[in-house]
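Read through the structure below, which is laid out as structure tokens, and then see the notes.
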Amino acid sequence: MDVVEALVRLGGIASAADLTELTSPARVRSAADTGLIHRLKRGTYCLPGVEEALRVAIRLGGMASHLSAAQLHGWEVAHPPTCPWIVVPRNREVSDRLGSYVFWADLAGEAGHVTSPLRTVIDCGRRLQFTPALTVADSALRHRAITRDQLRAGAVDVRGKGAGPVREIAVLADGRAANAFESALRAIAIRSGLDVVPQQEVSIAGEVVHPDLVDVGRRLVLEADSWEFHATREAHDRDCWRYDELVLAGWTVLRFTWRQVMREPGWVRACLERRAGGANGGGFTG
């Protein structure tokens, strides 16, 4: 797989180990040497735009924020931002913001050139749609940048526009989600009326497995199906064994690819609504 495409699929930022699993060490080195990808820190690669946000924040006298801040914190996102997201103090005049999303806000208590982890999750909850906002919150918890208690306490204090979505994200965020792909699928499942839990234990054929998403009440398993990660024949065999044993044990297993979840979320939601027991109406706006 192309190195840039692999990095996008991994959320715009990834460890060297995860990236080479989808490509090869030689391809990663070549992409880094030619500037197609950047080393954010030792053992971690990112898309070039991640560091650009930091440079723009410094130039504008503000802070990298929202999706840009999430990536600079090392978190995976559903869709890497196409340009820097920057927040500046309310009284700051910005004459040149071409090519950037610029916001004005009270930055009391913030320090440095990147918004704090808690501020970043809350800002994303205010501005982003449900799927990308939940993905950021899941990533923050998965990387232990904040705790669920901190997120929920911070959400209580949010006022004004976006307060409701922030509080919803605080309740639903779950660090057990393995990656951005899985978080995005979980967001669609939630909006489809399903009660899914990431990495829920399920006993089959005398073993315990942890499918990506499980709705226990409906005996439904959802898999964020990444064939690219089947690096060995044994891994592929194991995946097929789990699928067959789940079906034979009476579970319904639905498998969705990265392209379907990220680029055809409306179809994915329609499938899940049918399984949930009926459409909820309206188009998908995740």
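Following the order of the structure tokens, chains are lettered A, B, ..., residues in each are numbered from 1, and ligands are numbered from 1.
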
**Message:** Please extract the residues of region 30-113 of chain A with a backbone DSSP assignment of alpha helix (DSSP H) and present them as a list in words.
**Reply:** Ser30, Ala31, Ala32, Asp33, Pro48, Gly49, Val50, Glu51, Glu52, Ala53, Leu54, Arg55, Val56, Ala57, Ile58, Arg59, Leu60, His66, Leu67, Ser68, Ala69, Ala70, Gln71 and Leu72 of chain A

Please report, as a Markdown table, each residue of region 37-69 of chain A lying at most 10 Å from region 95-98 of chain A, together with the nearest pair of atoms and the separation in Å rounded to one decimal; use only C-alpha atoms, and order rows by chain and ascending residue number.
| residue | atom | partner | partner_atom | distance |
| --- | --- | --- | --- | --- |
| A:Val56 | CA | A:Arg97 | CA | 9.1 |
| A:Arg59 | CA | A:Asp96 | CA | 9.9 |
| A:Leu60 | CA | A:Arg97 | CA | 8.2 |

Could the residues in this selection be saved with all heavy atoms as a short mmCIF file (atom, residue, chain, number, x, y, z; two decimals), in the first residue's frame?
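This went into result.cif:
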data_model
loop_
_atom_site.label_atom_id
_atom_site.label_comp_id
_atom_site.auth_asym_id
_atom_site.auth_seq_id
_atom_site.Cartn_x
_atom_site.Cartn_y
_atom_site.Cartn_z
N VAL A 56 1.87 27.78 11.71
CA VAL A 56 0.86 28.82 11.50
C VAL A 56 0.41 29.40 12.83
O VAL A 56 0.22 30.61 12.96
CB VAL A 56 -0.34 28.25 10.70
CG1 VAL A 56 -1.47 29.29 10.65
CG2 VAL A 56 0.08 27.86 9.30
N ARG A 59 2.93 31.85 14.00
CA ARG A 59 2.91 33.07 13.17
C ARG A 59 1.73 33.97 13.50
O ARG A 59 1.86 35.20 13.52
CB ARG A 59 2.87 32.68 11.68
CG ARG A 59 2.78 33.87 10.73
CD ARG A 59 2.97 33.44 9.29
NE ARG A 59 1.96 32.49 8.85
CZ ARG A 59 0.75 32.85 8.42
NH1 ARG A 59 0.39 34.13 8.41
NH2 ARG A 59 -0.10 31.93 8.01
N LEU A 60 0.58 33.38 13.79
CA LEU A 60 -0.63 34.16 14.08
C LEU A 60 -0.74 34.54 15.56
O LEU A 60 -1.68 35.25 15.94
CB LEU A 60 -1.87 33.38 13.66
CG LEU A 60 -2.01 33.05 12.17
CD1 LEU A 60 -3.32 32.32 11.90
CD2 LEU A 60 -1.93 34.31 11.32
#

**Message:** What's around Leu185 (chain A) at 10 Å? Count only C-alpha atoms, leave out sequence neighbours fewer than 4 positions away in its own chain, and write the answer as number ranges by chain.
**Reply:** A: 131, 135, 180-181, 189-190, 212-213, 222-224, 256-258, 260-262, 265, 268-269

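For Thr20 (chain A), the residues within 12 Å (counting only C-alpha atoms, excluding itself and residues fewer than 6 positions away along the chain) are Met1, Asp2, Val3, Val4, Ala6, Leu7, Leu10, Ala14, Ala26, Arg27, Val28, Arg29, Ser30, Ala31, Gly43, Thr44, Tyr45, Glu228, Phe229 and Ala231 of chain A.
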
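Taking only region 240-273 of chain A, the residues that DSSP calls strand (DSSP E) from the backbone come to Thr252, Val253, Leu254, Arg255 and Phe256 of chain A.
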
Write to file, as a PDB file, in the first residue's frame, the residues of the selection just made, with N, CA and C atoms.
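Listed below is the output, out25.pdb:
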ATOM      1  N   THR A 252     -25.096 -12.639  14.745  1.00  0.00           N
ATOM      2  CA  THR A 252     -25.054 -12.019  13.422  1.00  0.00           C
ATOM      3  C   THR A 252     -23.774 -11.195  13.347  1.00  0.00           C
ATOM      4  N   VAL A 253     -22.993 -11.389  12.311  1.00  0.00           N
ATOM      5  CA  VAL A 253     -21.730 -10.662  12.150  1.00  0.00           C
ATOM      6  C   VAL A 253     -21.803  -9.830  10.873  1.00  0.00           C
ATOM      7  N   LEU A 254     -21.673  -8.529  11.019  1.00  0.00           N
ATOM      8  CA  LEU A 254     -21.640  -7.616   9.876  1.00  0.00           C
ATOM      9  C   LEU A 254     -20.242  -7.014   9.788  1.00  0.00           C
ATOM     10  N   ARG A 255     -19.676  -7.066   8.581  1.00  0.00           N
ATOM     11  CA  ARG A 255     -18.305  -6.611   8.382  1.00  0.00           C
ATOM     12  C   ARG A 255     -18.300  -5.434   7.406  1.00  0.00           C
ATOM     13  N   PHE A 256     -17.585  -4.379   7.778  1.00  0.00           N
ATOM     14  CA  PHE A 256     -17.534  -3.180   6.949  1.00  0.00           C
ATOM     15  C   PHE A 256     -16.084  -2.782   6.708  1.00  0.00           C
TER      16      PHE A 256
END

**Message:** Applying 12 Å and only C-alpha atoms, which residues near Asn91 (chain A) remain after dropping the ones on its own chain fewer than 5 positions away? List them as a ChimeraX atom specification.
**Reply:** /A:61-62,103-107

Quick one: write out the picked residues with N, CA and C atoms as a PDB file, in the first residue's frame?
ATOM      1  N   GLY A  61       0.181  34.075  16.383  1.00  0.00           N
ATOM      2  CA  GLY A  61       0.105  34.386  17.801  1.00  0.00           C
ATOM      3  C   GLY A  61      -1.013  33.657  18.513  1.00  0.00           C
ATOM      4  N   GLY A  62      -1.331  32.458  18.025  1.00  0.00           N
ATOM      5  CA  GLY A  62      -2.408  31.676  18.630  1.00  0.00           C
ATOM      6  C   GLY A  62      -1.952  30.279  18.988  1.00  0.00           C
ATOM      7  N   PHE A 103     -10.250  30.655  14.686  1.00  0.00           N
ATOM      8  CA  PHE A 103     -11.324  30.900  15.648  1.00  0.00           C
ATOM      9  C   PHE A 103     -10.818  31.841  16.727  1.00  0.00           C
ATOM     10  N   TRP A 104     -11.734  32.606  17.283  1.00  0.00           N
ATOM     11  CA  TRP A 104     -11.395  33.499  18.382  1.00  0.00           C
ATOM     12  C   TRP A 104     -12.053  32.989  19.660  1.00  0.00           C
ATOM     13  N   ALA A 105     -11.308  32.951  20.748  1.00  0.00           N
ATOM     14  CA  ALA A 105     -11.854  32.414  21.991  1.00  0.00           C
ATOM     15  C   ALA A 105     -11.042  32.922  23.179  1.00  0.00           C
ATOM     16  N   ASP A 106     -11.610  32.759  24.348  1.00  0.00           N
ATOM     17  CA  ASP A 106     -10.904  33.048  25.595  1.00  0.00           C
ATOM     18  C   ASP A 106      -9.921  31.910  25.853  1.00  0.00           C
ATOM     19  N   LEU A 107      -8.644  32.234  25.910  1.00  0.00           N
ATOM     20  CA  LEU A 107      -7.620  31.205  26.089  1.00  0.00           C
ATOM     21  C   LEU A 107      -7.013  31.233  27.481  1.00  0.00           C
TER      22      LEU A 107
END

**Message:** For a quick check of understanding, using only C-alpha atoms, which of A:Pro211, A:Pro89, A:Gly74, A:Gly266 has the smallest distance to Ser192 (chain A)?
**Reply:**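 Among the listed residues, A:Gly266 lies closest to Ser192 (chain A).
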
**Request:** For Gly162 (chain A), list every protein, DNA or RNA residue within 7 Å, evaluated using only C-alpha atoms, and leave out those in the same chain fewer than 3 positions away; present the list as JSON, numbers by chain.
**Result:** {"A": [126, 165, 166]}

For Trp241 (chain A), find every residue with an atom within 12 Å (counting only C-alpha atoms), except residues of its own chain fewer than 4 positions away, and show them as an mmCIF file with N, CA and C atoms, in the first residue's frame.
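What follows is the written file around-v7.cif:
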data_model
loop_
_atom_site.group_PDB
_atom_site.id
_atom_site.type_symbol
_atom_site.label_atom_id
_atom_site.label_comp_id
_atom_site.auth_asym_id
_atom_site.auth_seq_id
_atom_site.Cartn_x
_atom_site.Cartn_y
_atom_site.Cartn_z
ATOM 1 N N ILE A 204 -16.823 -18.188 22.750
ATOM 2 C CA ILE A 204 -17.211 -19.085 21.652
ATOM 3 C C ILE A 204 -16.231 -20.247 21.592
ATOM 4 N N ALA A 205 -16.757 -21.421 21.387
ATOM 5 C CA ALA A 205 -15.941 -22.625 21.192
ATOM 6 C C ALA A 205 -14.883 -22.778 22.268
ATOM 7 N N GLU A 207 -13.361 -20.474 23.931
ATOM 8 C CA GLU A 207 -12.397 -19.386 23.981
ATOM 9 C C GLU A 207 -13.124 -18.059 24.158
ATOM 10 N N VAL A 209 -13.166 -14.191 22.860
ATOM 11 C CA VAL A 209 -12.714 -13.296 21.797
ATOM 12 C C VAL A 209 -13.226 -11.895 22.086
ATOM 13 N N GLU A 234 -1.651 -16.990 9.137
ATOM 14 C CA GLU A 234 -2.224 -17.377 10.425
ATOM 15 C C GLU A 234 -3.242 -16.348 10.920
ATOM 16 N N ALA A 235 -2.941 -15.065 10.730
ATOM 17 C CA ALA A 235 -3.865 -14.016 11.155
ATOM 18 C C ALA A 235 -5.167 -14.090 10.370
ATOM 19 N N HIS A 236 -5.074 -14.358 9.070
ATOM 20 C CA HIS A 236 -6.272 -14.481 8.248
ATOM 21 C C HIS A 236 -7.081 -15.708 8.659
ATOM 22 N N ASP A 237 -6.386 -16.809 8.911
ATOM 23 C CA ASP A 237 -7.065 -18.030 9.361
ATOM 24 C C ASP A 237 -7.804 -17.773 10.679
ATOM 25 N N GLU A 245 -17.160 -19.244 13.959
ATOM 26 C CA GLU A 245 -17.615 -19.683 15.276
ATOM 27 C C GLU A 245 -18.679 -18.749 15.846
ATOM 28 N N LEU A 246 -18.564 -17.457 15.596
ATOM 29 C CA LEU A 246 -19.588 -16.517 16.058
ATOM 30 C C LEU A 246 -20.925 -16.805 15.375
ATOM 31 N N VAL A 247 -20.884 -17.016 14.074
ATOM 32 C CA VAL A 247 -22.121 -17.300 13.337
ATOM 33 C C VAL A 247 -22.741 -18.613 13.818
ATOM 34 N N LEU A 248 -21.929 -19.629 13.994
ATOM 35 C CA LEU A 248 -22.442 -20.918 14.450
ATOM 36 C C LEU A 248 -23.005 -20.846 15.865
#

**Request:** Would you mind reading off the distance between CA of Val136 (chain A) and CA of Ala70 (chain A), one decimal, in Å?
**Result:**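 Atom-to-atom, CA of Val136 (chain A) and CA of Ala70 (chain A) are spaced 6.8 Å apart.
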
**Item:** Which residue of A:Val216, A:Ile169, A:Val102, A:Ile188 approaches Gly250 (chain A) most closely, using only C-alpha atoms
**Value:**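 Looking at the shortest contact to Gly250 (chain A), the residue is A:Val216.
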
**Asked** From the list A:Val197, A:Val121, A:Val202, A:Leu134, which residue is nearest Ser183 (chain A) when using only C-alpha atoms?
**Response**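 Result for the nearest residue to Ser183 (chain A): A:Leu134.
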
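CA of Glu76 (chain A) sits 9.8 Å away from CA of Arg142 (chain A).
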
**Request:** Measuring atom to atom with only C-alpha atoms, identify which of A:Gly99, A:Asn179, A:Val214, A:Pro198 is nearest to Asp18 (chain A).
**Result:**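 Ranking A:Gly99, A:Asn179, A:Val214, A:Pro198 by distance to Asp18 (chain A), first place goes to A:Asn179.
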
**Point-to-point distance from CA of Tyr243 (chain A) to CA of Val221 (chain A), Å rounded to tenths** =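 One can read the CA of Tyr243 (chain A) to CA of Val221 (chain A) distance as 9.5 Å.
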